[in-house]
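What follows is the content of model-v7.csv (CSV, C-alpha atoms).
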chain,number,residue,atom,x,y,z
A,186,MET,CA,0.0,0.0,0.0
A,187,ASP,CA,1.2,3.5,-0.8
A,188,HIS,CA,3.1,5.2,2.0
A,189,SER,CA,1.4,8.5,1.5
A,190,LEU,CA,-2.0,6.9,1.9
A,191,ARG,CA,-1.0,5.3,5.1
A,192,ALA,CA,0.4,8.6,6.3
A,193,ALA,CA,-2.8,10.3,5.4
A,194,ARG,CA,-4.8,7.8,7.4
A,195,VAL,CA,-2.6,8.3,10.4
A,196,ALA,CA,-3.0,12.1,10.1
A,197,THR,CA,-6.7,11.7,9.9
A,198,PHE,CA,-6.6,9.7,13.1
A,199,VAL,CA,-4.7,12.5,14.8
A,200,TYR,CA,-7.2,15.2,13.8
A,201,PHE,CA,-10.1,13.1,15.0
A,202,ILE,CA,-8.3,12.7,18.4
A,203,LEU,CA,-7.7,16.4,18.4
A,204,CYS,CA,-11.4,17.2,17.8
A,205,GLY,CA,-12.5,14.7,20.4
A,206,THR,CA,-10.1,16.1,23.0
A,207,THR,CA,-11.0,19.7,22.5
A,208,MET,CA,-14.7,18.9,22.8
A,209,GLY,CA,-14.2,16.6,25.7
A,210,ALA,CA,-12.1,19.3,27.5
A,211,TRP,CA,-15.2,21.5,27.4
A,212,VAL,CA,-17.5,18.8,28.4
A,213,VAL,CA,-15.7,17.6,31.5
A,214,HIS,CA,-15.5,21.1,32.8
A,215,ILE,CA,-19.2,21.9,32.4
A,216,PRO,CA,-20.1,21.4,36.1
A,217,ALA,CA,-17.3,23.7,37.3
A,218,ILE,CA,-18.0,26.4,34.7
A,219,GLU,CA,-21.7,26.2,35.3
A,220,GLU,CA,-21.1,26.8,39.1
A,221,ARG,CA,-18.6,29.6,38.6
A,222,VAL,CA,-20.8,31.5,36.1
A,223,GLY,CA,-23.8,31.0,38.4
A,224,ILE,CA,-26.4,29.6,36.0
A,225,SER,CA,-29.0,26.9,36.3
A,226,HIS,CA,-29.3,23.7,34.3
A,227,ALA,CA,-32.1,25.3,32.2
A,228,THR,CA,-29.9,28.4,31.4
A,229,LEU,CA,-27.0,26.2,30.5
A,230,GLY,CA,-29.3,24.2,28.2
A,231,GLY,CA,-30.2,27.5,26.4
A,232,LEU,CA,-26.5,28.5,26.1
A,233,LEU,CA,-25.7,25.2,24.6
A,234,VAL,CA,-28.0,26.1,21.7
A,235,LEU,CA,-25.4,28.7,20.7
A,236,LEU,CA,-22.7,26.0,20.7
A,237,GLY,CA,-24.8,24.0,18.3
A,238,LEU,CA,-25.6,27.1,16.2
A,239,GLY,CA,-21.9,27.9,15.9
A,240,ALA,CA,-21.1,24.3,14.9
A,241,PHE,CA,-23.8,24.3,12.3
A,242,LEU,CA,-22.5,27.5,10.7
A,243,GLY,CA,-18.9,26.3,10.8
A,244,MET,CA,-19.9,23.1,9.1
A,245,GLN,CA,-21.6,24.8,6.3
A,246,VAL,CA,-18.6,27.1,5.6
A,247,ALA,CA,-16.0,24.3,6.0
A,248,GLY,CA,-17.9,21.8,3.8
A,249,ARG,CA,-17.8,24.1,0.8
A,250,LEU,CA,-14.3,25.3,1.4
A,251,THR,CA,-13.0,21.7,1.7
A,252,ASP,CA,-14.5,20.8,-1.7
A,253,ARG,CA,-13.1,23.9,-3.2
A,254,LEU,CA,-9.6,24.3,-1.5
A,255,GLY,CA,-8.9,20.7,-0.3
A,256,ALA,CA,-8.6,19.2,3.1
A,257,ARG,CA,-4.9,19.8,3.3
A,258,ILE,CA,-5.6,23.5,3.8
A,259,VAL,CA,-9.0,23.5,5.6
A,260,VAL,CA,-8.3,20.7,8.2
A,261,PRO,CA,-5.2,22.1,9.8
A,262,ALA,CA,-6.5,25.7,9.8
A,263,SER,CA,-9.6,24.5,11.5
A,264,GLY,CA,-7.6,22.5,14.0
A,265,VAL,CA,-5.6,25.6,15.0
A,266,LEU,CA,-8.7,27.7,15.4
A,267,CYS,CA,-10.5,25.1,17.4
A,268,SER,CA,-7.6,24.6,19.8
A,269,ALA,CA,-7.2,28.3,20.3
A,270,ALA,CA,-11.0,28.9,20.9
A,271,LEU,CA,-11.1,26.1,23.5
A,272,VAL,CA,-9.8,28.4,26.3
A,273,LEU,CA,-12.7,30.9,25.8
A,274,PRO,CA,-15.4,29.1,27.8
A,275,GLY,CA,-12.9,28.6,30.6
A,276,LEU,CA,-12.3,32.4,30.8
A,277,SER,CA,-16.0,33.2,30.9
A,278,ARG,CA,-17.3,35.0,34.0
A,279,ASP,CA,-20.9,35.6,33.2
A,280,PRO,CA,-23.7,34.2,31.0
A,281,TRP,CA,-23.0,36.8,28.2
A,282,THR,CA,-19.3,36.0,27.8
A,283,LEU,CA,-20.0,32.3,28.1
A,284,ALA,CA,-22.6,32.7,25.3
A,285,GLY,CA,-20.0,34.3,23.0
A,286,ALA,CA,-17.3,31.8,23.9
A,287,LEU,CA,-19.6,28.9,23.1
A,288,LEU,CA,-20.6,30.4,19.8
A,289,ALA,CA,-17.0,30.9,18.7
A,290,PHE,CA,-15.8,27.5,20.0
A,291,GLY,CA,-18.8,25.8,18.3
A,292,PHE,CA,-18.0,27.5,14.9
A,293,CYS,CA,-14.3,26.4,15.0
A,294,ASN,CA,-15.2,22.8,16.2
A,295,GLY,CA,-17.8,22.5,13.4
A,296,CYS,CA,-15.2,23.5,10.8
A,297,LEU,CA,-12.8,20.9,12.0
A,298,ASP,CA,-15.4,18.2,12.3
A,299,VAL,CA,-16.7,18.5,8.7
A,300,SER,CA,-13.4,19.0,7.0
A,301,MET,CA,-11.8,16.0,8.7
A,302,ASN,CA,-14.8,13.8,8.0
A,303,ALA,CA,-14.7,14.8,4.3
A,304,HIS,CA,-11.0,13.9,4.2
A,305,ALA,CA,-11.8,10.6,5.9
A,306,VAL,CA,-14.3,9.8,3.1
A,307,HIS,CA,-11.6,10.3,0.6
A,308,VAL,CA,-9.2,8.1,2.6
A,309,GLU,CA,-11.9,5.4,2.9
A,310,LYS,CA,-12.5,5.5,-0.9
A,311,ALA,CA,-8.8,5.1,-1.5
A,312,TYR,CA,-8.5,2.2,0.8
A,313,GLY,CA,-11.5,0.4,-0.8
A,314,ARG,CA,-12.9,-0.9,2.5
A,315,PRO,CA,-14.8,0.5,5.5
A,316,VAL,CA,-12.5,2.5,7.8
A,317,MET,CA,-14.8,5.4,8.8
A,318,SER,CA,-15.7,3.9,12.2
A,319,ALA,CA,-12.1,3.6,13.2
A,320,PHE,CA,-11.6,7.3,12.6
A,321,HIS,CA,-14.6,8.0,14.9
A,322,ALA,CA,-13.1,5.7,17.5
A,323,THR,CA,-10.2,8.0,17.8
A,324,PHE,CA,-12.6,10.9,18.3
A,325,SER,CA,-13.8,8.9,21.3
A,326,VAL,CA,-10.2,8.3,22.4
A,327,GLY,CA,-9.9,12.1,22.6
A,328,GLY,CA,-13.0,12.2,24.9
A,329,VAL,CA,-11.3,9.6,27.2
A,330,LEU,CA,-8.1,11.7,27.3
A,331,ALA,CA,-10.1,14.8,28.1
A,332,SER,CA,-11.9,12.9,30.9
A,333,LEU,CA,-8.7,11.9,32.5
A,334,VAL,CA,-7.2,15.4,32.2
A,335,GLY,CA,-10.4,16.9,33.5
A,336,ALA,CA,-10.4,14.6,36.6
A,337,ALA,CA,-6.8,15.5,37.2
A,338,VAL,CA,-7.4,19.2,36.9
A,339,ALA,CA,-10.3,19.0,39.4
A,340,SER,CA,-8.3,16.8,41.8
A,341,VAL,CA,-5.4,19.3,42.1
A,342,GLY,CA,-7.6,22.4,42.2
A,343,LEU,CA,-6.5,24.0,38.9
A,344,SER,CA,-9.0,26.3,37.2
A,345,PRO,CA,-10.9,25.1,34.1
A,346,ALA,CA,-9.2,27.9,32.1
A,347,ALA,CA,-5.7,26.5,33.0
A,348,GLY,CA,-6.6,23.0,31.9
A,349,MET,CA,-8.3,24.1,28.7
A,350,ALA,CA,-5.5,26.4,27.8
A,351,GLY,CA,-3.0,23.6,28.2
A,352,VAL,CA,-5.0,21.3,25.9
A,353,GLY,CA,-5.4,24.1,23.4
A,354,ALA,CA,-1.7,25.0,23.2
A,355,LEU,CA,-0.8,21.3,22.6
A,356,GLY,CA,-3.6,21.1,20.0
A,357,ILE,CA,-2.2,24.0,18.0
A,358,GLY,CA,1.1,22.3,17.6
A,359,ILE,CA,-0.4,18.9,16.7
A,360,ALA,CA,-2.6,20.5,14.0
A,361,LEU,CA,0.3,22.2,12.3
A,362,VAL,CA,2.7,19.2,12.4
A,363,SER,CA,0.1,16.8,11.0
A,364,ALA,CA,-0.9,19.0,8.0
A,365,ARG,CA,1.7,17.7,5.5
A,366,ALA,CA,0.4,14.1,5.5
A,367,LEU,CA,-3.1,15.0,4.4
A,368,LEU,CA,-4.2,14.0,0.9
A,369,PRO,CA,-4.0,16.9,-1.7
A,370,ALA,CA,-7.1,18.1,-3.4
A,371,ALA,CA,-7.9,16.3,-6.7
A,372,PRO,CA,-6.8,18.3,-9.7
A,373,PRO,CA,-9.7,19.7,-11.8
A,374,ALA,CA,-10.4,18.3,-15.3
A,375,THR,CA,-8.5,20.3,-18.0
A,376,ASP,CA,-10.2,19.0,-21.2
A,377,THR,CA,-13.3,21.1,-21.9
A,378,ASP,CA,-15.5,18.2,-23.1
A,379,THR,CA,-14.4,16.0,-20.3
A,380,ALA,CA,-15.0,18.7,-17.7
A,381,GLU,CA,-18.5,19.4,-19.2
A,382,GLN,CA,-19.4,15.7,-19.1
A,383,ALA,CA,-18.1,15.4,-15.6
A,384,GLY,CA,-20.1,18.4,-14.5
A,385,GLN,CA,-23.3,17.0,-16.1
A,386,ALA,CA,-22.7,13.6,-14.4
A,387,ARG,CA,-22.2,15.4,-11.0
A,388,ALA,CA,-25.3,17.4,-11.4
A,389,ALA,CA,-27.4,14.3,-12.2
A,390,LYS,CA,-25.9,12.4,-9.2
A,391,HIS,CA,-26.6,15.4,-6.9
A,392,ARG,CA,-30.2,15.4,-7.9
A,393,ASN,CA,-30.6,11.7,-7.3
A,394,SER,CA,-28.9,11.7,-4.0
A,395,SER,CA,-30.3,14.9,-2.5
A,396,GLY,CA,-33.4,13.4,-1.0
A,397,ARG,CA,-31.5,10.6,0.6
A,398,ILE,CA,-29.0,13.0,2.0
A,399,TRP,CA,-31.7,14.8,4.0
A,400,ILE,CA,-33.1,11.5,5.3
A,401,LEU,CA,-29.6,10.6,6.5
A,402,ALA,CA,-29.4,14.1,8.1
A,403,ALA,CA,-32.7,13.5,10.0
A,404,LEU,CA,-31.4,10.3,11.4
A,405,ALA,CA,-28.1,12.0,12.3
A,406,LEU,CA,-30.1,14.6,14.2
A,407,MET,CA,-31.7,11.9,16.3
A,408,VAL,CA,-28.5,9.9,16.9
A,409,MET,CA,-26.4,12.9,17.7
A,410,LEU,CA,-29.0,14.4,19.9
A,411,CYS,CA,-28.5,11.3,22.0
A,412,GLU,CA,-24.7,11.7,21.9
A,413,GLY,CA,-25.0,15.3,22.9
A,414,ALA,CA,-27.1,14.4,26.0
A,415,ALA,CA,-24.3,12.0,27.1
A,416,ASN,CA,-21.7,14.7,26.5
A,417,ASP,CA,-23.4,17.5,28.4
A,418,TRP,CA,-25.5,15.8,31.1
A,419,SER,CA,-23.8,12.5,32.0
A,420,ALA,CA,-21.5,14.1,34.6
A,421,LEU,CA,-24.3,16.3,36.0
A,422,HIS,CA,-26.5,13.2,36.2
A,423,LEU,CA,-24.1,11.4,38.5
A,424,LYS,CA,-23.4,14.6,40.5
A,425,ASP,CA,-26.9,16.0,41.0
A,426,ILE,CA,-29.2,12.9,40.8
A,427,LEU,CA,-27.0,10.2,42.4
A,428,GLY,CA,-24.8,12.4,44.6
A,429,ALA,CA,-21.4,11.4,43.2
A,430,PRO,CA,-18.4,13.7,43.9
A,431,THR,CA,-17.2,15.9,41.0
A,432,SER,CA,-14.1,13.8,40.3
A,433,THR,CA,-16.2,10.6,40.1
A,434,ALA,CA,-18.9,12.3,38.0
A,435,ALA,CA,-16.4,13.2,35.4
A,436,PHE,CA,-15.9,9.5,34.6
A,437,ALA,CA,-19.5,9.1,33.6
A,438,TYR,CA,-18.6,10.8,30.3
A,439,GLY,CA,-15.4,8.9,30.3
A,440,THR,CA,-17.2,5.6,30.5
A,441,PHE,CA,-19.5,6.6,27.7
A,442,ALA,CA,-16.6,7.7,25.5
A,443,ALA,CA,-14.6,4.5,26.3
A,444,THR,CA,-17.4,2.2,25.1
A,445,MET,CA,-17.9,4.4,22.1
A,446,THR,CA,-14.2,3.8,21.3
A,447,ILE,CA,-14.5,0.0,21.7
A,448,GLY,CA,-17.6,-0.1,19.6
A,449,ARG,CA,-16.1,2.0,16.8
A,450,LEU,CA,-13.0,-0.1,16.7
A,451,LEU,CA,-15.2,-3.1,16.0
A,452,ALA,CA,-17.8,-1.5,13.8
A,453,ASP,CA,-15.8,-1.5,10.5
A,454,ARG,CA,-15.6,-5.3,10.6
A,455,LEU,CA,-19.2,-5.6,11.5
A,456,VAL,CA,-20.1,-3.3,8.6
A,457,ALA,CA,-18.1,-5.4,6.2
A,458,ARG,CA,-19.8,-8.6,7.5
A,459,SER,CA,-23.4,-7.5,8.1
A,460,GLY,CA,-23.8,-4.2,6.4
A,461,SER,CA,-24.3,-0.6,7.6
A,462,MET,CA,-28.1,-1.0,8.1
A,463,ALA,CA,-27.6,-3.8,10.7
A,464,VAL,CA,-25.0,-1.8,12.6
A,465,LEU,CA,-27.4,1.2,12.7
A,466,ARG,CA,-30.5,-0.8,13.7
A,467,TYR,CA,-29.1,-3.0,16.4
A,468,GLY,CA,-26.8,-0.3,17.7
A,469,ALA,CA,-29.7,2.1,18.2
A,470,ALA,CA,-31.7,-0.6,19.9
A,471,THR,CA,-28.8,-1.4,22.3
A,472,ALA,CA,-28.5,2.4,23.1
A,473,ALA,CA,-32.2,2.5,23.9
A,474,VAL,CA,-31.7,-0.2,26.6
A,475,GLY,CA,-28.7,1.6,28.0
A,476,ILE,CA,-30.3,5.0,28.4
A,477,THR,CA,-33.4,3.4,30.0
A,478,ILE,CA,-31.2,1.9,32.6
A,479,VAL,CA,-29.6,5.3,33.3
A,480,ALA,CA,-33.1,6.9,33.6
A,481,LEU,CA,-34.5,4.4,36.0
A,482,SER,CA,-31.6,3.2,38.2
A,483,PRO,CA,-30.9,4.7,41.6
A,484,TRP,CA,-27.4,3.2,41.9
A,485,ILE,CA,-24.1,4.7,40.7
A,486,TRP,CA,-22.7,1.4,39.5
A,487,ALA,CA,-25.8,0.7,37.4
A,488,ALA,CA,-25.7,4.2,36.0
A,489,PHE,CA,-22.1,3.6,34.8
A,490,ALA,CA,-23.3,0.4,33.2
A,491,GLY,CA,-26.1,2.2,31.5
A,492,TRP,CA,-23.9,4.9,30.1
A,493,ALA,CA,-21.5,2.2,28.9
A,494,LEU,CA,-24.2,0.4,27.1
A,495,PHE,CA,-25.5,3.6,25.7
A,496,GLY,CA,-22.1,4.5,24.3
A,497,LEU,CA,-21.6,1.0,22.8
A,498,GLY,CA,-24.9,1.1,21.1
A,499,LEU,CA,-24.5,4.5,19.6
A,500,SER,CA,-20.8,3.9,18.6
A,501,GLY,CA,-21.4,2.7,15.0
A,502,CYS,CA,-24.4,4.8,14.1
A,503,VAL,CA,-22.9,8.2,13.2
A,504,PRO,CA,-20.0,6.8,11.1
A,505,GLN,CA,-22.4,4.9,8.9
A,506,LEU,CA,-24.5,8.0,8.3
A,507,PHE,CA,-21.5,10.3,7.6
A,508,SER,CA,-19.9,7.7,5.3
A,509,ALA,CA,-23.1,7.1,3.3
A,510,ALA,CA,-23.4,10.9,2.8
A,511,GLY,CA,-19.8,11.3,1.7
A,512,HIS,CA,-19.9,8.3,-0.7
A,513,ALA,CA,-23.2,9.5,-2.3
A,514,ASP,CA,-21.2,11.9,-4.4
A,515,PRO,CA,-17.5,12.0,-3.7
A,516,SER,CA,-17.0,15.2,-5.7
A,517,ALA,CA,-19.3,16.9,-3.2
A,518,ALA,CA,-18.3,14.9,-0.1
A,519,GLY,CA,-17.7,18.1,1.9
A,520,ALA,CA,-21.0,19.6,1.1
A,521,ASN,CA,-23.0,16.4,1.7
A,522,VAL,CA,-21.2,15.6,5.0
A,523,SER,CA,-21.8,19.2,6.1
A,524,ARG,CA,-25.6,18.8,5.6
A,525,VAL,CA,-25.7,15.5,7.5
A,526,ALA,CA,-23.3,16.6,10.2
A,527,GLY,CA,-24.8,20.1,10.4
A,528,LEU,CA,-28.3,18.9,11.1
A,529,GLY,CA,-26.8,16.2,13.4
A,530,TYR,CA,-24.9,18.8,15.4
A,531,LEU,CA,-28.0,20.9,15.7
A,532,GLY,CA,-29.4,17.8,17.4
A,533,MET,CA,-26.3,17.3,19.5
A,534,LEU,CA,-26.5,20.7,21.0
A,535,THR,CA,-30.1,21.7,20.9
A,536,GLY,CA,-31.1,18.2,22.2
A,537,PRO,CA,-29.3,18.8,25.5
A,538,ALA,CA,-31.0,22.1,25.6
A,539,ALA,CA,-34.3,20.3,25.3
A,540,ILE,CA,-33.2,18.0,28.2
A,541,GLY,CA,-32.5,21.2,30.2
A,542,TRP,CA,-35.9,22.6,29.5
A,543,LEU,CA,-37.5,19.3,30.5
A,544,THR,CA,-35.9,19.6,33.9
A,545,HIS,CA,-38.5,22.3,34.6
A,546,LEU,CA,-41.1,19.5,34.5
A,547,VAL,CA,-39.3,16.3,35.6
A,548,PRO,CA,-36.1,15.3,37.2
A,549,LEU,CA,-33.0,15.1,34.9
A,550,ASN,CA,-32.9,11.3,34.8
A,551,HIS,CA,-36.6,11.1,33.8
A,552,ALA,CA,-35.9,13.5,31.0
A,553,PHE,CA,-33.7,10.8,29.5
A,554,VAL,CA,-36.8,8.8,28.5
A,555,LEU,CA,-36.8,11.2,25.4
A,556,LEU,CA,-33.5,9.6,24.3
A,557,THR,CA,-35.0,6.1,24.6
A,558,LEU,CA,-37.8,7.2,22.2
A,559,LEU,CA,-35.3,8.6,19.7
A,560,CYS,CA,-33.1,5.5,19.7
A,561,ALA,CA,-36.2,3.4,19.1
A,562,ILE,CA,-37.3,5.5,16.2
A,563,THR,CA,-33.7,5.3,14.7
A,564,ALA,CA,-33.7,1.5,15.0
A,565,VAL,CA,-37.0,1.3,13.1
A,566,ALA,CA,-35.9,3.8,10.4
A,567,ALA,CA,-32.5,2.2,9.8
A,568,GLY,CA,-33.8,0.6,6.6
A,569,VAL,CA,-33.0,3.8,4.7
A,570,LEU,CA,-29.4,2.6,4.5
A,571,ARG,CA,-30.7,-0.2,2.3
A,572,THR,CA,-31.5,2.3,-0.4
A,573,GLY,CA,-29.1,3.9,-2.9
A,574,SER,CA,-25.6,2.5,-3.5
A,575,ASP,CA,-24.3,0.3,-0.8
A,576,ARG,CA,-20.7,1.3,-0.1
A,577,THR,CA,-19.8,-1.9,1.6
A,578,HIS,CA,-20.8,-4.0,-1.4
A,579,GLU,CA,-19.1,-1.6,-3.7
A,580,MET,CA,-15.9,-1.8,-1.8
A,581,THR,CA,-16.0,-5.6,-1.4
A,582,ALA,CA,-16.6,-5.9,-5.2
A,583,SER,CA,-13.7,-3.5,-6.0
A,584,SER,CA,-11.3,-5.5,-3.9
A,585,HIS,CA,-11.8,-8.7,-5.8

As structure tokens, how would this structure be written, given the file I've shared?
Amino acid sequence: MDHSLRAARVATFVYFILCGTTMGAWVVHIPAIEERVGISHATLGGLLVLLGLGAFLGMQVAGRLTDRLGARIVVPASGVLCSAALVLPGLSRDPWTLAGALLAFGFCNGCLDVSMNAHAVHVEKAYGRPVMSAFHATFSVGGVLASLVGAAVASVGLSPAAGMAGVGALGIGIALVSARALLPAAPPATDTDTAEQAGQARAAKHRNSSGRIWILAALALMVMLCEGAANDWSALHLKDILGAPTSTAAFAYGTFAATMTIGRLLADRLVARSGSMAVLRYGAATAAVGITIVALSPWIWAAFAGWALFGLGLSGCVPQLFSAAGHADPSAAGANVSRVAGLGYLGMLTGPAAIGWLTHLVPLNHAFVLLTLLCAITAVAAGVLRTGSDRTHEMTASSH
């Protein structure tokens, strides 16, 4: 296998870890930042909408820029900006500054997320077999790393700003060093007739795939809403509902992220064997069981088990949706991934806001029943991956 392709795959792993670590560094400090700024769960839920809005805007910008300029430019630039913006929530002193910080951080994180996923689609296509879930596994590795750093910061009494600044500074260096290994943008066609024919073919393919892209986006919204709830409410659930100390509560998200990692490391093989539809359907069903345990259990150990099962079930869902979007039209992979990821991230960040608003009516753990319902709907609707071109079968055929 070509050395440059292997290097590009390793670099893609690095950027996924970077993205997961920066987001995780925010997540694990949510309880401390919420307490210092002096806001309620419901207010925090409203502010998280701005993080989702920023991510959505960043994804739309980065998707088109990646298709136009290439991932080699957009991915490292996004990595630097995301790392630099990480410290902003840690410096916030009131709800207004936190709102601005979350909007900026969300925008930068959205840029990195879409551009690295678009690059991952190109790497997967070059490999000729499913590799997308492994990339998303390293995103979860970043979440585990952030959980460990966050627990250490809390245990020694450092401020969230100090911990987040340290992670951000390291991230800037990593983003710059890894840039050269990324795949270059494909050169445009030079022959006029060939270019015209290619343009007509792309337009026809875009029309055929557009409806399916939005269905994938709707599923991504539901799945990523569930992920967002784990990201933003898992630590608070253990702390406020079950009475766990802050250092212990931080590991609720770490448990979720760890099982996400394990599941995604296994998911590519499962996709090759059983297909993406099966991974989405049975994964969503498993997640429904896990979050129901979290919602109903009064014991800390059972809550950890529920978060673990929730993470394991969700682990393979998002990679299948992103990959299907990217492969629907490789020439517009960035734009298509931005649509699916953009709507998904609106779910990821506005969903936790909905959970926050529900806490006005019911306890936090009972609000998680909404996630059970969404997982069940996703499991039922997973048959959409049976339509259109099946990337697993295409890859398997091309390898023979």

Please build the interface table for segment 214-298 of chain A against segment 188-210 of chain A with a cut-off of 8 Å, listing for each qualifying residue the nearest atom pair and the distance in Å to one decimal; count all atoms listed in the file, order rows by chain and increasing number, and write it as CSV.
residue,atom,partner,partner_atom,distance
A:His214,CA,A:Ala210,CA,6.5
A:Val260,CA,A:Tyr200,CA,7.9
A:Gly264,CA,A:Tyr200,CA,7.3
A:Cys267,CA,A:Thr207,CA,7.4
A:Ser268,CA,A:Thr207,CA,6.5
A:Leu271,CA,A:Thr207,CA,6.5
A:Asn294,CA,A:Cys204,CA,7.0
A:Leu297,CA,A:Cys204,CA,7.0
A:Asp298,CA,A:Cys204,CA,6.9

Could you give me, as a list in words, the residues within 7 Å of Leu287 of chain A, counting all atoms listed in the file and dropping anything in the same chain fewer than 6 positions from it?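 So, after excluding close chain neighbours, the residues are Leu235, Leu236 and Pro274 of chain A.
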
Could you pull out every residue with an atom within 7 Å of (-21.6, 2.3, 10.2), file coordinates, counting all atoms listed in the file, and send them as a list in words? Ser318, Ala452, Asp453, Val456, Ser461, Val464, Leu465, Gly501, Cys502, Val503, Pro504, Gln505 and Leu506 of chain A

With distances taken over all atoms listed in the file, which of A:Ala493, A:Val316, A:Ala487, A:Val308 is nearest to Leu368 of chain A? A:Val308

Residues at most 7 Å from segment 551-562 of chain A, counting all atoms listed in the file, excluding those fewer than 5 positions away in the same chain, as number ranges by chain? A: 407-408, 411, 469-470, 472-473, 476-477, 480, 540, 543-544

In terms of the shortest atom-to-atom distance over all atoms listed in the file, which of A:Gly342, A:Gly231, A:Gly468, A:Gly353 is closest to Ala567 of chain A?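 Checking each of A:Gly342, A:Gly231, A:Gly468, A:Gly353 against Ala567 of chain A, counting all atoms listed in the file, the winner is A:Gly468.
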
Might you pull out every residue within 8 Å of Phe292 of chain A, with all atoms listed in the file counted and same-chain residues fewer than 6 positions away left off, and present them as an NGL selection string? :A and (236 or 238-244)

Near-Ala262 of chain A list (12 Å; only C-alpha atoms; drop same-chain fewer than 2 positions) as a PyMOL selection string: chain A and resi 200+247+250-251+254-260+264-269+293-294+296-298+300-301+356-364

Mind giving me the straight-line distance from atom CA of Ile400 of chain A to atom CA of Gly498 of chain A in Å, one decimal?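 Separating atom CA of Ile400 of chain A from atom CA of Gly498 of chain A is a distance of 20.6 Å.
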